[in-house]
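Data file: my_file-v9.txt. Format and content: compact mmCIF, C-alpha atoms and all ligand atoms.
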# COMPACT_ATOMS: atom_id res chain seq x y z
CA MET A 1 70.23 230.49 113.96
CA SER A 2 71.68 227.00 114.39
CA ASP A 3 72.04 225.46 117.82
CA PRO A 4 75.29 226.34 119.59
CA ALA A 5 77.79 223.49 119.19
CA VAL A 6 77.91 221.10 122.12
CA LEU A 7 81.59 220.80 123.10
CA PHE A 8 81.33 218.59 126.11
CA THR A 9 78.86 216.75 128.27
CA ILE A 10 79.33 216.15 131.97
CA THR A 11 78.11 213.06 133.76
CA GLU A 12 77.50 212.83 137.49
CA ALA A 13 80.61 210.65 137.83
CA GLU A 14 82.72 213.53 136.53
CA LEU A 15 81.77 215.87 139.36
CA ASP A 16 84.49 216.40 141.99
CA THR A 17 87.24 215.38 139.56
CA GLY A 18 88.94 218.77 139.55
CA LEU A 19 87.24 220.06 136.36
CA ARG A 20 89.50 217.57 134.58
CA GLY A 21 89.26 218.32 130.87
CA PHE A 22 86.07 220.44 131.10
CA PRO A 23 86.37 223.21 128.47
CA VAL A 24 85.69 226.55 130.19
CA GLY A 25 87.15 229.14 127.86
CA THR A 26 89.83 229.94 125.30
CA CYS A 27 93.56 230.54 125.41
CA MET A 28 95.44 232.67 122.87
CA SER A 29 99.04 232.09 124.00
CA SER A 30 99.63 228.35 124.28
CA ASP A 31 98.13 224.91 123.92
CA VAL A 32 98.92 221.47 125.32
CA ASP A 33 98.53 218.45 123.09
CA PRO A 34 98.44 215.13 124.99
CA GLN A 35 100.97 213.59 122.58
CA THR A 36 103.20 216.43 121.42
CA GLY A 37 103.09 218.67 124.50
CA VAL A 38 103.05 222.42 124.74
CA SER A 39 103.15 224.88 121.85
CA TYR A 40 103.28 228.67 122.14
CA VAL A 41 100.92 230.40 119.66
CA GLY A 42 101.28 227.39 117.36
CA TYR A 43 105.04 226.84 117.59
CA PRO A 44 106.10 223.58 119.30
CA ILE A 45 108.27 224.30 122.31
CA GLY A 46 111.12 222.42 120.60
CA ASP A 47 111.31 225.28 118.06
CA LEU A 48 111.52 227.97 120.72
CA TYR A 49 113.60 226.84 123.68
CA ASP A 50 116.89 228.21 122.35
CA LEU A 51 115.60 231.57 121.07
CA GLU A 52 116.24 234.87 122.84
CA PRO A 53 113.94 234.66 125.88
CA GLU A 54 112.55 238.15 125.15
CA ALA A 55 111.49 236.95 121.67
CA VAL A 56 109.38 234.26 123.34
CA VAL A 57 107.90 236.75 125.82
CA TYR A 58 107.01 238.93 122.80
CA LEU A 59 105.37 235.93 121.12
CA LEU A 60 103.19 235.23 124.15
CA PHE A 61 102.05 238.85 124.39
CA TYR A 62 101.76 239.82 120.70
CA LYS A 63 101.16 236.37 119.12
CA GLU A 64 103.96 236.66 116.53
CA LEU A 65 107.70 236.22 116.83
CA PRO A 66 109.37 239.62 116.57
CA THR A 67 111.49 240.80 113.67
CA ALA A 68 115.06 241.77 114.62
CA GLU A 69 113.98 245.42 114.96
CA GLN A 70 110.88 244.55 116.99
CA LEU A 71 113.00 242.39 119.29
CA GLU A 72 115.49 245.16 119.87
CA ALA A 73 112.72 247.65 120.61
CA PHE A 74 111.04 245.19 122.99
CA GLN A 75 114.29 244.44 124.82
CA SER A 76 114.88 248.14 125.20
CA GLU A 77 111.30 248.65 126.46
CA LEU A 78 111.78 245.94 129.11
CA ARG A 79 115.11 247.47 130.13
CA GLY A 80 113.32 250.81 130.52
CA ARG A 81 110.87 249.18 132.91
CA MET A 82 113.57 247.60 135.12
CA GLY A 83 113.98 248.75 138.70
CA MET A 84 111.34 247.35 141.06
CA PRO A 85 109.97 249.82 143.65
CA ALA A 86 112.50 250.41 146.46
CA GLU A 87 109.68 250.38 149.02
CA ALA A 88 108.77 246.81 148.02
CA LEU A 89 112.40 245.71 148.33
CA ALA A 90 112.66 247.27 151.81
CA ALA A 91 109.44 245.56 152.95
CA LEU A 92 110.67 242.23 151.55
CA LYS A 93 113.63 242.30 153.91
CA ALA A 94 111.28 242.35 156.91
CA LEU A 95 109.56 239.06 156.03
CA PRO A 96 110.04 236.15 158.47
CA ALA A 97 113.20 234.22 157.68
CA SER A 98 111.36 230.94 158.32
CA GLY A 99 109.04 231.42 155.31
CA HIS A 100 109.39 229.19 152.24
CA PRO A 101 110.79 231.06 149.21
CA MET A 102 107.38 230.67 147.55
CA GLU A 103 105.71 232.31 150.56
CA TRP A 104 108.18 235.17 150.13
CA PHE A 105 107.41 235.30 146.42
CA ILE A 106 103.64 235.41 146.96
CA ASN A 107 104.14 238.25 149.45
CA GLY A 108 106.67 239.96 147.19
CA LEU A 109 104.13 240.08 144.34
CA THR A 110 101.56 241.79 146.55
CA LEU A 111 104.27 244.22 147.68
CA LEU A 112 104.94 245.06 144.01
CA GLY A 113 101.20 245.67 143.63
CA MET A 114 101.02 247.88 146.71
CA THR A 115 103.95 250.03 145.65
CA GLY A 116 104.03 249.94 141.86
CA LYS A 117 100.75 249.04 140.18
CA THR A 118 99.38 251.24 137.44
CA GLY A 119 96.01 249.46 137.50
CA LYS A 120 96.29 248.83 133.74
CA TYR A 121 96.60 245.11 133.01
CA ASP A 122 98.85 245.52 129.95
CA GLN A 123 101.26 247.92 131.65
CA ASP A 124 101.38 245.95 134.89
CA ALA A 125 101.99 242.74 132.92
CA LEU A 126 105.13 244.12 131.25
CA ASN A 127 106.32 245.73 134.48
CA ALA A 128 105.88 242.33 136.15
CA VAL A 129 107.99 240.69 133.42
CA ALA A 130 110.76 243.23 134.17
CA TRP A 131 110.43 243.24 137.97
CA VAL A 132 109.84 239.60 138.84
CA PRO A 133 113.47 238.55 138.08
CA GLU A 134 114.62 241.31 140.45
CA LEU A 135 112.19 240.15 143.12
CA VAL A 136 113.26 236.51 142.80
CA ALA A 137 116.97 237.37 142.79
CA ALA A 138 116.44 239.45 145.94
CA ILE A 139 114.62 236.55 147.62
CA PHE A 140 117.54 234.25 146.77
CA ARG A 141 120.12 236.68 148.13
CA ILE A 142 118.32 237.63 151.34
CA LYS A 143 117.26 234.10 152.25
CA SER A 144 120.54 232.44 151.25
CA GLY A 145 122.63 235.01 153.13
CA TRP A 146 124.45 235.98 149.91
CA GLY A 147 124.23 239.67 150.81
CA GLU A 148 122.22 242.73 149.85
CA PRO A 149 120.06 242.62 146.68
CA ILE A 150 121.95 243.62 143.54
CA ALA A 151 120.50 246.29 141.23
CA PRO A 152 119.70 245.32 137.60
CA ARG A 153 122.01 246.34 134.76
CA LYS A 154 120.29 248.01 131.84
CA ASP A 155 122.76 246.58 129.33
CA LEU A 156 121.79 242.95 129.97
CA GLY A 157 118.97 240.71 128.75
CA LEU A 158 116.31 239.36 131.11
CA VAL A 159 118.04 236.10 132.02
CA GLU A 160 121.60 237.48 131.94
CA ASN A 161 120.39 240.22 134.28
CA PHE A 162 118.82 237.64 136.57
CA VAL A 163 122.14 235.78 136.77
CA HIS A 164 123.90 239.10 137.48
CA MET A 165 121.39 240.00 140.23
CA LEU A 166 121.64 236.51 141.77
CA GLY A 167 125.35 237.10 142.34
CA MET A 168 125.64 233.41 143.20
CA PRO A 169 128.91 232.66 144.98
CA ASN A 170 131.38 230.63 142.85
CA ALA A 171 129.01 230.55 139.89
CA ASP A 172 129.98 229.18 136.50
CA THR A 173 128.11 232.06 134.88
CA GLU A 174 128.11 230.63 131.38
CA ARG A 175 126.61 227.26 132.29
CA LEU A 176 124.21 228.82 134.80
CA THR A 177 122.96 231.24 132.14
CA GLN A 178 122.63 228.44 129.59
CA VAL A 179 120.45 226.33 131.91
CA LEU A 180 118.36 229.28 133.12
CA ARG A 181 117.71 230.59 129.60
CA SER A 182 116.13 227.30 128.53
CA PHE A 183 114.43 226.81 131.93
CA TYR A 184 112.85 230.27 131.56
CA VAL A 185 111.48 229.65 128.07
CA LEU A 186 110.32 226.08 128.79
CA HIS A 187 108.25 227.06 131.84
CA MET A 188 106.60 230.26 130.56
CA ASP A 189 103.18 228.96 129.60
CA HIS A 190 101.20 225.73 129.56
CA GLY A 191 97.68 226.38 128.32
CA GLY A 192 94.94 227.98 130.37
CA GLY A 193 93.78 225.06 132.49
CA ASN A 194 96.82 224.33 134.65
CA LEU A 195 96.02 225.18 138.25
CA SER A 196 98.16 228.32 138.60
CA THR A 197 97.06 229.89 135.30
CA PHE A 198 93.43 229.02 135.85
CA THR A 199 93.62 230.54 139.34
CA GLY A 200 95.27 233.74 138.08
CA ARG A 201 92.67 234.16 135.34
CA ALA A 202 89.84 233.43 137.78
CA VAL A 203 91.06 235.98 140.31
CA ALA A 204 91.56 238.62 137.58
CA SER A 205 87.99 237.95 136.39
CA GLY A 206 86.81 239.68 139.57
CA LEU A 207 88.92 242.64 138.35
CA ALA A 208 91.60 242.16 141.02
CA ASP A 209 94.79 243.83 139.78
CA MET A 210 97.60 242.01 137.95
CA TYR A 211 99.82 241.59 141.01
CA ALA A 212 97.07 240.21 143.27
CA SER A 213 96.13 237.83 140.46
CA LEU A 214 99.74 236.71 140.01
CA ALA A 215 100.14 236.27 143.78
CA ALA A 216 97.05 234.03 143.80
CA SER A 217 98.38 232.05 140.87
CA MET A 218 101.69 231.56 142.63
CA ALA A 219 99.87 230.29 145.74
CA ALA A 220 98.39 227.66 143.43
CA LEU A 221 101.81 226.88 141.96
CA TYR A 222 103.14 226.34 145.50
CA GLY A 223 101.28 223.02 145.89
CA PRO A 224 103.43 219.87 145.83
CA LEU A 225 101.38 218.26 143.06
CA HIS A 226 101.84 221.33 140.87
CA GLY A 227 104.88 223.64 140.84
CA ARG A 228 106.48 222.47 144.07
CA ALA A 229 106.93 219.08 142.43
CA ASN A 230 110.25 220.34 141.03
CA GLN A 231 111.58 220.78 144.58
CA ASP A 232 110.27 217.39 145.67
CA CYS A 233 111.55 215.86 142.47
CA LEU A 234 115.18 216.75 143.11
CA ASN A 235 114.80 215.50 146.70
CA PHE A 236 113.34 212.29 145.26
CA VAL A 237 116.24 211.85 142.79
CA ARG A 238 118.67 212.50 145.66
CA SER A 239 116.98 209.89 147.84
CA VAL A 240 117.33 207.17 145.17
CA GLY A 241 121.06 207.14 145.85
CA SER A 242 122.12 205.11 142.80
CA SER A 243 121.96 205.14 139.02
CA ASP A 244 122.13 201.36 138.74
CA PRO A 245 118.91 200.20 137.00
CA VAL A 246 118.37 197.26 139.40
CA GLU A 247 118.76 199.45 142.51
CA VAL A 248 116.63 202.22 141.00
CA GLU A 249 113.86 199.75 140.18
CA LYS A 250 113.88 198.41 143.75
CA PHE A 251 113.64 201.97 145.05
CA VAL A 252 110.75 202.90 142.77
CA ARG A 253 108.79 199.76 143.65
CA ALA A 254 109.30 200.32 147.39
CA ASN A 255 108.27 203.96 147.00
CA ILE A 256 105.01 203.00 145.28
CA ALA A 257 104.35 200.18 147.79
CA SER A 258 104.53 202.73 150.60
CA GLY A 259 101.83 204.80 148.87
CA LYS A 260 104.06 207.63 147.61
CA VAL A 261 104.11 209.08 144.11
CA VAL A 262 107.09 208.87 141.81
CA TYR A 263 108.01 212.52 141.41
CA GLY A 264 108.63 213.83 137.93
CA PHE A 265 106.29 211.31 136.32
CA GLY A 266 102.64 211.57 135.35
CA HIS A 267 100.54 214.42 134.04
CA ALA A 268 96.93 215.50 134.00
CA VAL A 269 96.91 216.15 130.23
CA LEU A 270 100.07 214.74 128.62
CA ARG A 271 100.13 211.13 127.50
CA ASN A 272 103.74 210.95 126.33
CA GLU A 273 107.16 212.16 127.47
CA ASP A 274 106.91 215.91 127.99
CA PRO A 275 108.98 217.57 125.21
CA ARG A 276 110.25 219.97 127.88
CA ALA A 277 111.73 216.95 129.67
CA THR A 278 113.18 215.63 126.39
CA ILE A 279 114.89 219.00 125.80
CA GLN A 280 116.29 219.03 129.33
CA TYR A 281 117.61 215.45 129.13
CA ALA A 282 119.47 216.51 125.96
CA LEU A 283 120.80 219.62 127.72
CA GLY A 284 121.99 217.48 130.63
CA ASN A 285 123.74 215.10 128.25
CA ALA A 286 125.52 218.14 126.79
CA ILE A 287 126.50 219.97 129.97
CA CYS A 288 126.71 217.45 132.83
CA PRO A 289 126.72 213.86 131.49
CA ALA A 290 128.89 212.62 134.38
CA ASP A 291 126.87 214.27 137.16
CA PRO A 292 125.74 211.43 139.49
CA LEU A 293 122.24 212.88 140.04
CA PHE A 294 121.81 213.35 136.30
CA ALA A 295 122.79 209.69 135.86
CA THR A 296 120.05 208.73 138.36
CA ALA A 297 117.49 210.91 136.56
CA ASN A 298 118.48 209.26 133.28
CA THR A 299 117.97 205.77 134.73
CA LEU A 300 114.61 206.80 136.20
CA ARG A 301 113.54 207.93 132.72
CA THR A 302 113.24 204.30 131.61
CA VAL A 303 112.93 202.38 134.88
CA ALA A 304 110.16 204.49 136.48
CA ASN A 305 108.34 204.48 133.16
CA LYS A 306 108.45 200.66 133.12
CA VAL A 307 107.22 200.28 136.72
CA LEU A 308 104.46 202.89 136.39
CA THR A 309 103.30 201.31 133.13
CA GLU A 310 103.05 197.93 134.84
CA LEU A 311 101.01 199.50 137.63
CA GLY A 312 98.27 200.10 135.08
CA LYS A 313 96.37 202.95 136.74
CA VAL A 314 98.78 205.82 135.95
CA LYS A 315 97.45 207.55 132.84
CA ASN A 316 100.82 209.01 131.88
CA PRO A 317 103.77 206.88 133.03
CA PHE A 318 106.23 209.23 131.27
CA PRO A 319 108.54 211.95 132.62
CA ASN A 320 107.06 215.43 133.03
CA VAL A 321 108.89 218.79 132.99
CA ASP A 322 110.08 218.32 136.57
CA ALA A 323 111.77 214.94 136.06
CA VAL A 324 115.12 216.47 135.29
CA SER A 325 114.88 220.28 135.70
CA GLY A 326 116.07 220.22 139.33
CA THR A 327 118.96 217.96 138.44
CA LEU A 328 120.18 220.52 135.90
CA LEU A 329 119.76 223.44 138.31
CA ASN A 330 121.70 221.44 140.91
CA ALA A 331 124.45 220.68 138.41
CA VAL A 332 125.03 224.39 137.74
CA GLY A 333 125.25 225.24 141.44
CA LEU A 334 121.66 226.00 142.46
CA THR A 335 121.70 223.23 145.02
CA ASP A 336 118.93 224.38 147.39
CA SER A 337 115.79 222.79 145.98
CA ALA A 338 113.56 225.00 148.16
CA PHE A 339 114.10 227.74 145.55
CA TYR A 340 113.15 225.72 142.47
CA THR A 341 109.46 226.56 142.50
CA VAL A 342 110.29 230.27 142.65
CA LEU A 343 112.33 229.83 139.48
CA PHE A 344 109.35 228.07 137.90
CA GLY A 345 107.12 230.93 139.10
CA LEU A 346 109.49 233.59 137.74
CA SER A 347 108.98 232.11 134.31
CA ARG A 348 105.31 231.14 134.59
CA CYS A 349 104.27 234.65 135.70
CA THR A 350 105.06 235.73 132.11
CA GLY A 351 102.55 233.37 130.51
CA ILE A 352 99.93 233.99 133.16
CA ALA A 353 100.30 237.77 132.81
CA ALA A 354 99.95 237.45 129.02
CA GLN A 355 96.82 235.31 129.44
CA ILE A 356 95.30 237.77 131.91
CA VAL A 357 95.90 240.62 129.43
CA ASP A 358 94.20 238.56 126.69
CA GLU A 359 91.29 237.63 128.91
CA ARG A 360 90.71 241.06 130.37
CA LEU A 361 91.45 243.30 127.38
CA LYS A 362 90.90 241.27 124.20
CA MET A 363 88.37 238.49 124.66
CA ARG A 364 84.67 239.01 123.94
CA ASN A 365 85.57 241.93 121.66
CA GLY A 366 87.49 243.70 124.37
CA LYS A 367 84.70 243.39 126.97
CA GLY A 368 86.67 240.74 128.84
CA VAL A 369 85.53 237.38 130.19
CA ALA A 370 82.78 237.61 132.82
CA ILE A 371 83.52 237.00 136.49
CA TYR A 372 84.03 233.26 137.05
CA ARG A 373 81.04 231.59 138.61
CA PRO A 374 80.90 227.82 138.07
CA ASP A 375 78.19 225.79 139.74
CA TYR A 376 78.63 223.40 142.66
CA LEU A 377 75.76 221.00 143.19
CA ALA A 378 74.52 220.68 146.75
CA LEU A 379 75.64 217.45 148.46
CA ASN A 380 74.10 216.00 151.63
CA GLN A 381 72.10 219.15 152.25
CA PRO A 382 68.42 218.08 152.52
CA PRO A 383 66.20 221.09 153.21
CA ARG A 384 65.53 221.48 156.93
CA ARG A 385 64.37 224.14 159.35
CA LEU A 386 65.43 225.26 162.78
CA GLU A 387 62.52 224.84 165.19
CA LYS A 388 62.17 228.04 167.19
CA ALA A 389 60.06 228.25 170.35
N1 LIG A 401 103.49 207.97 140.87
C1 LIG A 401 102.63 207.11 141.47
N2 LIG A 401 101.31 207.11 141.23
C2 LIG A 401 100.83 207.98 140.31
C3 LIG A 401 101.68 208.86 139.64
C4 LIG A 401 103.05 208.84 139.95
N3 LIG A 401 103.93 209.68 139.38
N4 LIG A 401 100.94 209.62 138.79
C5 LIG A 401 99.67 209.22 138.94
N5 LIG A 401 99.61 208.22 139.87
C6 LIG A 401 98.40 207.54 140.36
C7 LIG A 401 97.46 208.57 140.99
O1 LIG A 401 97.82 208.82 142.34
C8 LIG A 401 96.13 207.90 140.83
O2 LIG A 401 96.03 206.90 141.84
P1 LIG A 401 94.61 206.55 142.54
O3 LIG A 401 93.71 206.15 141.43
O4 LIG A 401 94.95 205.45 143.47
O5 LIG A 401 94.16 207.81 143.21
C9 LIG A 401 96.27 207.20 139.48
O6 LIG A 401 97.68 207.05 139.25
C10 LIG A 401 95.66 207.97 138.31
O7 LIG A 401 96.19 209.29 138.31
P2 LIG A 401 96.34 210.08 136.93
O8 LIG A 401 94.98 210.35 136.39
O9 LIG A 401 97.30 209.36 136.05
O10 LIG A 401 97.07 211.42 137.38
P3 LIG A 401 96.38 212.80 137.84
O11 LIG A 401 95.95 213.54 136.63
O12 LIG A 401 95.35 212.56 138.91
O13 LIG A 401 97.60 213.54 138.54
C11 LIG A 401 99.81 214.32 138.72
C12 LIG A 401 98.62 214.12 137.76
C13 LIG A 401 100.88 215.11 137.96
C14 LIG A 401 99.37 215.13 139.94
C15 LIG A 401 100.34 212.93 139.14
O14 LIG A 401 100.77 212.22 138.01
C16 LIG A 401 101.46 213.00 140.18
O15 LIG A 401 101.17 213.10 141.37
N6 LIG A 401 102.75 212.96 139.72
C17 LIG A 401 103.87 213.07 140.62
C18 LIG A 401 104.06 214.52 141.04
C19 LIG A 401 104.61 215.33 139.90
O16 LIG A 401 105.59 214.98 139.26
N7 LIG A 401 103.97 216.49 139.65
C20 LIG A 401 104.45 217.40 138.62
C21 LIG A 401 103.40 217.74 137.63
C22 LIG A 401 104.00 218.78 136.71
F1 LIG A 401 103.62 218.58 135.49
C23 LIG A 401 103.69 220.16 137.24
O17 LIG A 401 102.57 220.61 137.35
N8 LIG A 401 104.72 220.85 137.63
Same coordinates, now as structure tokens:
Amino acid sequence: MSDPAVLFTITEAELDTGLRGFPVGTCMSSDVDPQTGVSYVGYPIGDLYDLEPEAVVYLLFYKELPTAEQLEAFQSELRGRMGMPAEALAALKALPASGHPMEWFINGLTLLGMTGKTGKYDQDALNAVAWVPELVAAIFRIKSGWGEPIAPRKDLGLVENFVHMLGMPNADTERLTQVLRSFYVLHMDHGGGNLSTFTGRAVASGLADMYASLAASMAALYGPLHGRANQDCLNFVRSVGSSDPVEVEKFVRANIASGKVVYGFGHAVLRNEDPRATIQYALGNAICPADPLFATANTLRTVANKVLTELGKVKNPFPNVDAVSGTLLNAVGLTDSAFYTVLFGLSRCTGIAAQIVDERLKMRNGKGVAIYRPDYLALNQPPRRLEKA
């Protein structure tokens, strides 16, 4: 037998760098190329963002785009699963009002597990796809004071149903649905190594159930350098206060001089403009070209890139997915940025659930990946003994 192929070597200098780029396993649903960005089961995201969202969910789970009949059957299956446990909804209402929407979401996922898990990863994954929009819509309504949660309608698609259950006051339903449909598809999956997906897969490797694993992954997404960047990004765009290139450049330089990051720019893997950002800039140009915040985001696209490039140390001075997503959500009436990460999570739970199903039920000939157990080398721990009298 030939020697196993060496994929990677690790030097001492690479320890404590956040496992950056270390291959640890395989991913069947998506891949991230540093230049061309994310693809789902081989299809570049640019081919998929305007498909029926359920077709893309199907792709992530079953690795092929559905035929028209398969899509209809899948949509009907998801509709059949709709209706999150009433007990979980009741418990949600008792959560402290002061909590961040992501803290509510993390708790809501464990409530779904407590009240509705089957214990089968594949079943719980599809139930989660059907229930998470209901959970997120309920969080929006309760926390925003929009009224009681609204029940799902079995005649609507996933995103249309979400918009219905949001019941957002004074909504322009058509534009809101248009933005949320692409937002949902764009954020579903991003390889296995992003922090939230890696965390979800790691937790599931100890055979924790799907909902506990998703809750853990959403705790990871909550961090400001990961999913919460979309909240901070809109706040950042708001604080610029101008779309004039000279003013924007002054702002960006002052921001960097004070030691802060330029939100919406940079990436651990990408080395080019994120195609998900490119798609959203085009969507903004189509639906809200005159929106002042969108104008600022558009100016940042070139100005921040120029300043970060000059800085030299930033490996990817290009916009990431969060550079403009919040601006679009704001333009269609979702103005409270504290909810943006929950919208990201609503979508990302789909990809993470699909990856957990793959890892637990398909990989290693169905045996599943072993419990995660990387090695940490001891630091500043010389052997010593406690002298006892
Ligand atoms: N603004 C200012 N400095 C930045 C920067 C940015 N946008 N991106 C990277 N840098 C700095 C970084 O702090 C580091 O500085 P030091 O050497 O002084 O520590 C240096 O450039 C090299 O960092 P890197 O290797 O290019 O980036 P990392 O892989 O360490 O970090 C990010 C990647 C995304 C955490 C980082 O680019 C960042 O903080 N961006 C702003 C926050 C953001 O938009 N996050 C969203 C990420 C998104 F894709 C997601 O997960 N939702």
Please build the interface table for segment 9-54 of chain A against segment 280-299 of chain A with a cut-off of 12 Å, listing for each qualifying residue the nearest atom pair and the distance in Å to one decimal; count only C-alpha atoms, order rows by chain and increasing number, and write it as JSON lines.
{"residue": "A:Ile45", "atom": "CA", "partner": "A:Gln280", "partner_atom": "CA", "distance": 11.9}
{"residue": "A:Gly46", "atom": "CA", "partner": "A:Gln280", "partner_atom": "CA", "distance": 10.7}
{"residue": "A:Tyr49", "atom": "CA", "partner": "A:Gln280", "partner_atom": "CA", "distance": 10.0}
{"residue": "A:Asp50", "atom": "CA", "partner": "A:Leu283", "partner_atom": "CA", "distance": 10.9}
Deliver the residues from the most recent selection as a file, using C-alpha atoms, as a PDB file, in the coordinates of the input.
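Output contents, as saved in again-v2.pdb:
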ATOM      1  CA  ILE A  45     108.270 224.300 122.310  1.00  0.00           C
ATOM      2  CA  GLY A  46     111.120 222.420 120.600  1.00  0.00           C
ATOM      3  CA  TYR A  49     113.600 226.840 123.680  1.00  0.00           C
ATOM      4  CA  ASP A  50     116.890 228.210 122.350  1.00  0.00           C
TER       5      ASP A  50
END
Can you list, as a count of residues only, every protein, DNA or RNA residue that comes within 10 Å of Phe339 of chain A when you count only C-alpha atoms, leaving out same-chain residues fewer than 2 positions away? 20
Using only C-alpha atoms, which residues sit within 8 Å of Leu112 of chain A once same-chain residues fewer than 3 positions away are excluded, as a PyMOL selection string? chain A and resi 84-85+88+108-109+115-117+211
Please identify the residues whose atoms come within 9 Å of ligand LIG 401 (chain A), using only C-alpha atoms and all ligand atoms, and report them as a PyMOL selection string. chain A and resi 17-18+20+194-196+221+223-230+232-233+255-256+259-270+274+304+308+311-323+341+344
Using only C-alpha atoms, find the one residue out of A:Glu64, A:Asp155, A:Glu14, A:Asp209 that sits nearest to Ala128 of chain A.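 Smallest distance to Ala128 of chain A is found for A:Asp209.
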To one decimal place in Å, what is the distance between atom CA of Ala215 of chain A and atom CA of Arg81 of chain A?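 Interatomic distance here is 20.0 Å.
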List as a tab-separated table (two decimals) with C-alpha atoms, in the frame of the given file the protein and nucleic acid residues near Glu249 of chain A, meaning an atom at most 9 Å away when only C-alpha atoms are counted, but skip any in the same chain fewer than 5 places from it.
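Full text of selection.tsv as output:
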chain	number	residue	atom	x	y	z
A	244	ASP	CA	122.13	201.36	138.74
A	254	ALA	CA	109.30	200.32	147.39
A	300	LEU	CA	114.61	206.80	136.20
A	303	VAL	CA	112.93	202.38	134.88
A	304	ALA	CA	110.16	204.49	136.48
A	306	LYS	CA	108.45	200.66	133.12
A	307	VAL	CA	107.22	200.28	136.72
Taking 4 positions as the minimum chain separation for residues in the same chain, which residues sit within 9 Å of Leu126 of chain A when counting all atoms listed in the file? Answer as a PyMOL selection string. chain A and resi 78+81+121-122+130-131+350+353-354
Can you tell me how far atom CA of Pro4 of chain A sits from atom CA of Phe198 of chain A, in Å to one decimal?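 Here the two named atoms are 24.5 Å from each other.
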From the coordinates supplied, segment 72-113 of chain A should be written with C-alpha atoms, as a short mmCIF file (atom, residue, chain, number, x, y, z; two decimals), in the first residue's frame.
data_model
loop_
_atom_site.label_atom_id
_atom_site.label_comp_id
_atom_site.auth_asym_id
_atom_site.auth_seq_id
_atom_site.Cartn_x
_atom_site.Cartn_y
_atom_site.Cartn_z
CA GLU A 72 -43.08 20.17 -6.00
CA ALA A 73 -42.87 17.05 -3.84
CA PHE A 74 -40.16 18.64 -1.69
CA GLN A 75 -42.12 21.87 -1.24
CA SER A 76 -45.13 19.86 -0.23
CA GLU A 77 -43.02 17.80 2.21
CA LEU A 78 -41.70 20.99 3.86
CA ARG A 79 -45.23 22.40 4.05
CA GLY A 80 -46.29 19.17 5.77
CA ARG A 81 -43.60 19.72 8.39
CA MET A 82 -44.62 23.33 9.15
CA GLY A 83 -46.00 24.20 12.56
CA MET A 84 -43.33 24.46 15.27
CA PRO A 85 -44.27 22.95 18.67
CA ALA A 86 -46.71 25.21 20.55
CA GLU A 87 -44.88 24.51 23.81
CA ALA A 88 -41.68 25.99 22.36
CA LEU A 89 -43.54 29.09 21.20
CA ALA A 90 -45.08 29.56 24.66
CA ALA A 91 -41.68 29.20 26.36
CA LEU A 92 -40.14 31.68 23.90
CA LYS A 93 -42.51 34.38 25.11
CA ALA A 94 -41.10 34.08 28.64
CA LEU A 95 -37.51 34.92 27.63
CA PRO A 96 -36.04 38.16 29.04
CA ALA A 97 -36.91 41.12 26.82
CA SER A 98 -33.37 42.47 27.25
CA GLY A 99 -31.80 39.54 25.37
CA HIS A 100 -30.25 40.06 21.92
CA PRO A 101 -32.31 38.45 19.12
CA MET A 102 -29.45 35.97 18.63
CA GLU A 103 -29.64 35.00 22.32
CA TRP A 104 -33.36 34.40 21.78
CA PHE A 105 -32.60 32.38 18.66
CA ILE A 106 -30.01 30.20 20.41
CA ASN A 107 -32.54 29.55 23.20
CA GLY A 108 -35.36 29.04 20.69
CA LEU A 109 -33.39 26.28 18.95
CA THR A 110 -32.91 24.40 22.21
CA LEU A 111 -36.63 24.85 22.92
CA LEU A 112 -37.39 23.25 19.54
CA GLY A 113 -35.10 20.38 20.55
#
